Structures are given as C-alpha cells and as structure tokens.
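Engineer: My structure file start26.pdb, PDB, C-alpha atoms, is below:
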```
ATOM      1  CA  MET A   1     113.276 119.574 100.143
ATOM      2  CA  ILE A   2     115.136 122.670  98.960
ATOM      3  CA  PRO A   3     118.443 123.609 100.636
ATOM      4  CA  GLY A   4     118.133 126.828 102.575
ATOM      5  CA  GLY A   5     114.348 126.430 102.791
ATOM      6  CA  ARG A   6     113.412 129.697 101.051
ATOM      7  CA  VAL A   7     112.917 130.089  97.333
ATOM      8  CA  ASN A   8     111.019 132.928  95.757
ATOM      9  CA  PRO A   9     108.256 132.087  93.228
ATOM     10  CA  ARG A  10     110.337 133.285  90.256
ATOM     11  CA  GLN A  11     113.215 130.954  91.163
ATOM     12  CA  MET A  12     110.749 128.086  91.681
ATOM     13  CA  LYS A  13     109.288 128.584  88.184
ATOM     14  CA  GLN A  14     112.775 128.632  86.653
ATOM     15  CA  MET A  15     113.754 125.467  88.520
ATOM     16  CA  MET A  16     110.570 123.669  87.440
ATOM     17  CA  LYS A  17     111.147 124.723  83.836
ATOM     18  CA  ARG A  18     114.696 123.277  83.918
ATOM     19  CA  LEU A  19     113.281 119.996  85.254
ATOM     20  CA  GLY A  20     110.673 119.856  82.485
ATOM     21  CA  ILE A  21     107.721 120.471  84.791
ATOM     22  CA  GLU A  22     104.889 122.653  83.510
ATOM     23  CA  GLN A  23     102.146 124.019  85.727
ATOM     24  CA  GLU A  24      98.869 125.511  84.576
ATOM     25  CA  ASP A  25      96.140 127.098  86.689
ATOM     26  CA  LEU A  26      92.663 126.444  85.289
ATOM     27  CA  GLY A  27      91.251 129.748  86.524
ATOM     28  CA  GLU A  28      87.721 129.918  87.828
ATOM     29  CA  VAL A  29      86.282 126.402  88.173
ATOM     30  CA  GLU A  30      82.591 126.148  88.951
ATOM     31  CA  GLU A  31      82.448 122.540  90.150
ATOM     32  CA  VAL A  32      84.568 119.390  90.457
ATOM     33  CA  VAL A  33      82.842 116.056  91.146
ATOM     34  CA  ILE A  34      84.685 112.916  92.234
ATOM     35  CA  ARG A  35      82.531 109.785  92.245
ATOM     36  CA  THR A  36      83.392 106.613  94.120
ATOM     37  CA  ALA A  37      81.274 103.472  94.302
ATOM     38  CA  GLU A  38      79.285 104.810  97.257
ATOM     39  CA  LYS A  39      79.902 108.573  97.564
ATOM     40  CA  GLU A  40      80.266 111.790  95.614
ATOM     41  CA  TYR A  41      82.707 114.530  96.574
ATOM     42  CA  VAL A  42      81.525 117.848  95.135
ATOM     43  CA  PHE A  43      83.923 120.818  95.203
ATOM     44  CA  ARG A  44      82.268 124.154  94.366
ATOM     45  CA  ASN A  45      84.418 127.156  93.403
ATOM     46  CA  ALA A  46      87.562 125.051  93.764
ATOM     47  CA  SER A  47      91.057 126.073  92.788
ATOM     48  CA  VAL A  48      92.316 123.575  90.200
ATOM     49  CA  SER A  49      95.773 123.331  88.703
ATOM     50  CA  ALA A  50      97.353 120.820  86.344
ATOM     51  CA  MET A  51     101.024 119.922  86.430
ATOM     52  CA  THR A  52     102.782 117.946  83.695
ATOM     53  CA  ALA A  53     105.902 116.079  84.792
ATOM     54  CA  GLN A  54     107.611 113.238  82.912
ATOM     55  CA  GLY A  55     104.647 112.895  80.572
ATOM     56  CA  GLN A  56     102.138 112.444  83.416
ATOM     57  CA  LYS A  57      99.444 115.005  84.166
ATOM     58  CA  ILE A  58      98.818 115.612  87.851
ATOM     59  CA  TRP A  59      95.630 117.393  88.903
ATOM     60  CA  GLN A  60      95.396 119.310  92.155
ATOM     61  CA  VAL A  61      92.011 120.331  93.578
ATOM     62  CA  ILE A  62      91.948 122.762  96.486
ATOM     63  CA  GLY A  63      88.691 123.403  98.292
ATOM     64  CA  GLU A  64      86.206 122.002 100.771
ATOM     65  CA  PRO A  65      84.067 119.155  99.400
ATOM     66  CA  VAL A  66      80.440 118.416 100.094
ATOM     67  CA  VAL A  67      80.274 114.647 100.609
ATOM     68  CA  ARG A  68      77.024 112.906  99.778
ATOM     69  CA  ALA A  69      75.853 109.371  99.143
ATOM     70  CA  ARG A  70      75.379 108.454  95.507
ATOM     71  CA  PRO A  71      71.701 108.144  94.596
ATOM     72  CA  ASP A  72      72.382 105.112  92.408
ATOM     73  CA  ALA A  73      74.643 103.381  94.989
ATOM     74  CA  THR A  74      71.738 101.281  96.289
ATOM     75  CA  LYS A  75      71.210  99.801  92.820
ATOM     76  CA  GLN A  76      74.787  98.515  92.430
ATOM     77  CA  PRO A  77      74.888  95.918  95.233
ATOM     78  CA  ALA A  78      71.624  94.392  94.035
ATOM     79  CA  ALA A  79      73.100  93.851  90.578
ATOM     80  CA  SER A  80      76.008  91.830  91.937
ATOM     81  CA  ALA A  81      74.744  89.007  94.128
ATOM     82  CA  GLY A  82      78.257  88.374  95.450
ATOM     83  CA  PRO A  83      81.249  86.391  94.313
ATOM     84  CA  ALA A  84      80.727  83.076  92.568
ATOM     85  CA  VAL A  85      81.940  80.319  94.867
ATOM     86  CA  SER A  86      82.976  77.124  93.104
ATOM     87  CA  GLU A  87      82.204  73.661  94.476
ATOM     88  CA  GLU A  88      85.941  72.851  94.447
ATOM     89  CA  ASP A  89      86.647  75.817  96.736
ATOM     90  CA  VAL A  90      83.829  74.792  99.078
ATOM     91  CA  ALA A  91      85.153  71.220  99.274
ATOM     92  CA  LEU A  92      88.734  72.425  99.822
ATOM     93  CA  VAL A  93      87.784  74.827 102.623
ATOM     94  CA  ALA A  94      85.515  72.238 104.295
ATOM     95  CA  GLU A  95      88.282  69.612 104.191
ATOM     96  CA  LYS A  96      91.138  71.833 105.383
ATOM     97  CA  ALA A  97      89.143  73.576 108.124
ATOM     98  CA  GLY A  98      87.237  70.455 109.208
ATOM     99  CA  VAL A  99      83.774  71.988 108.875
ATOM    100  CA  SER A 100      80.617  71.208 106.945
ATOM    101  CA  GLU A 101      80.248  72.326 103.327
ATOM    102  CA  GLU A 102      77.383  74.646 104.304
ATOM    103  CA  GLU A 103      79.558  76.461 106.828
ATOM    104  CA  ALA A 104      82.476  76.539 104.375
ATOM    105  CA  ARG A 105      80.240  78.100 101.679
ATOM    106  CA  LYS A 106      78.930  80.738 104.116
ATOM    107  CA  VAL A 107      82.435  81.809 105.197
ATOM    108  CA  LEU A 108      83.697  81.749 101.587
ATOM    109  CA  GLU A 109      80.932  84.187 100.620
ATOM    110  CA  GLU A 110      81.833  86.431 103.578
ATOM    111  CA  CYS A 111      85.492  86.385 102.466
ATOM    112  CA  GLY A 112      84.707  87.343  98.876
ATOM    113  CA  GLY A 113      85.407  83.867  97.493
ATOM    114  CA  GLU A 114      88.993  83.704  98.827
ATOM    115  CA  PRO A 115      89.667  80.106 100.000
ATOM    116  CA  ALA A 116      92.845  80.903 101.962
ATOM    117  CA  GLU A 117      91.156  83.672 103.923
ATOM    118  CA  ALA A 118      88.137  81.446 104.613
ATOM    119  CA  ILE A 119      90.335  78.617 105.915
ATOM    120  CA  ILE A 120      92.254  80.982 108.189
ATOM    121  CA  ARG A 121      89.035  82.507 109.512
ATOM    122  CA  LEU A 122      87.495  79.103 110.217
ATOM    123  CA  MET A 123      90.607  77.699 111.893
ATOM    124  CA  SER A 124      91.029  80.752 114.127
ATOM    125  CA  ARG A 125      87.611  80.238 115.754
TER     126      ARG A 125
END
```
Would you mind writing the structure in this file as structure tokens?
Structural biologist:
Amino acid sequence: MIPGGRVNPRQMKQMMKRLGIEQEDLGEVEEVVIRTAEKEYVFRNASVSAMTAQGQKIWQVIGEPVVRARPDATKQPAASAGPAVSEEDVALVAEKAGVSEEEARKVLEECGGEPAEAIIRLMSR
C-alpha cells in the first residue's frame, strides 16, 4: 500500500490530514451491540474509533464479541407468514414447468415468490 512499507505514526497522521481523513478514538467504550434479524453481537470493553473520509463516517470496532440469539427472533417469523404468491405466478410456473398448480404454489413459496427460480428448480428435478 505504501512504498517502502514502513511509515512512522507521525508521518501517517500527516498523510491522512493531507488526504482529508480524520480519525478519532472514542476512548473507553463499555459496550457495543450489533443486532441482526436473528443474532446479537455484544462487544464489551471494545476499542472503537471513527474515521471520516470523503464525508463518510467509518466505524471500527476491535474486540471479541459474545454472540447470542435474539430473544425476540422467534416472534418475527410468525408475524410474516411468507411471501404472497399471486395466482398469475402459480399459473405461469405450472404451465412452464409442466406441473400441477399445487406443486407450483409449494415450490414458489419455498423460493420466496420468485417465479424464475421456481421454474428452474422444478425443471431440474
């Protein structure tokens, strides 16, 4: 990345300043939590820094996370019963794949309501 391979921290700060990059260390951070649809990543006593480059803020979290399932993750799938499959899609898949409408509907639901994927899956059997 850098010719010669070795740059001391002072030179690196000067170079970043010339490029318009600012870096800030947040100091002592007690906890950082990242939540996905199914899991939580909890970083305790993490090292967090924020870098601003070209108007974008980039966050860096350094530490070992504790990964755990979200307690409310079981409630989310029940709320969404799956993708809505239209009758036109069912008829199209049944016609193109040469299967019954019941089988076409079942595969469409497995494919998230994507007709092209359902047709390919049915024809590759």
Engineer: When you draw a straight line from atom CA of Val85 of chain A to atom CA of Ser100 of chain A, how long is it in Å?
Structural biologist: 15.2 Å
Engineer: Find the residues near Leu108 of chain A: any atom within 8 Å, counting all atoms listed in the file, skip ones fewer than 5 places away on the same chain, and give them as a count of residues only.
Structural biologist: 6
Engineer: If the PyMOL selection byres ((chain A and resi 122) around 12) is run on the structure shown, which residues does it catch, given as number ranges by chain?
Structural biologist: A: 93-100, 103-108, 110-111, 115-121, 123-125
Engineer: Store the residues picked out above, limited to C-alpha atoms, as a CSV table (one decimal), in the coordinates of the input.
Structural biologist:
```csv
chain,number,residue,atom,x,y,z
A,93,VAL,CA,87.8,74.8,102.6
A,94,ALA,CA,85.5,72.2,104.3
A,95,GLU,CA,88.3,69.6,104.2
A,96,LYS,CA,91.1,71.8,105.4
A,97,ALA,CA,89.1,73.6,108.1
A,98,GLY,CA,87.2,70.5,109.2
A,99,VAL,CA,83.8,72.0,108.9
A,100,SER,CA,80.6,71.2,106.9
A,103,GLU,CA,79.6,76.5,106.8
A,104,ALA,CA,82.5,76.5,104.4
A,105,ARG,CA,80.2,78.1,101.7
A,106,LYS,CA,78.9,80.7,104.1
A,107,VAL,CA,82.4,81.8,105.2
A,108,LEU,CA,83.7,81.7,101.6
A,110,GLU,CA,81.8,86.4,103.6
A,111,CYS,CA,85.5,86.4,102.5
A,115,PRO,CA,89.7,80.1,100.0
A,116,ALA,CA,92.8,80.9,102.0
A,117,GLU,CA,91.2,83.7,103.9
A,118,ALA,CA,88.1,81.4,104.6
A,119,ILE,CA,90.3,78.6,105.9
A,120,ILE,CA,92.3,81.0,108.2
A,121,ARG,CA,89.0,82.5,109.5
A,123,MET,CA,90.6,77.7,111.9
A,124,SER,CA,91.0,80.8,114.1
A,125,ARG,CA,87.6,80.2,115.8
```
Engineer: Would you mind telling me which residue in A:Glu28, A:Asp72, A:Glu22, A:Glu38 lies nearest to Lys57 of chain A when using all atoms listed in the file?
Structural biologist: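 Closest residue, counting all atoms listed in the file: A:Glu22.
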Engineer: Give the answer as one residue: which of A:Arg70, A:Gly112, A:Trp59, A:Ser49 has the shortest atom-to-atom distance to Asp89 of chain A, using all atoms listed in the file?
Structural biologist: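 When distances to Asp89 of chain A are compared using all atoms listed in the file, the smallest one comes from A:Gly112.
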Engineer: One decimal, in Å: what's the spacing between atom CA of Tyr41 of chain A and atom CA of Pro65 of chain A?
Structural biologist: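 Between atom CA of Tyr41 of chain A and atom CA of Pro65 of chain A the gap works out to 5.6 Å.
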Engineer: For this structure, which residues satisfy the selection - the PyMOL selection byres ((chain A and resi 42) around 7) - when it is evaluated on the file as given? I want them as a list in words.
Structural biologist: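 This file, filtered by the PyMOL selection byres ((chain A and resi 42) around 7), leaves Glu31, Val32, Val33, Ile34, Glu40, Tyr41, Phe43, Arg44, Pro65, Val66 and Val67 of chain A.
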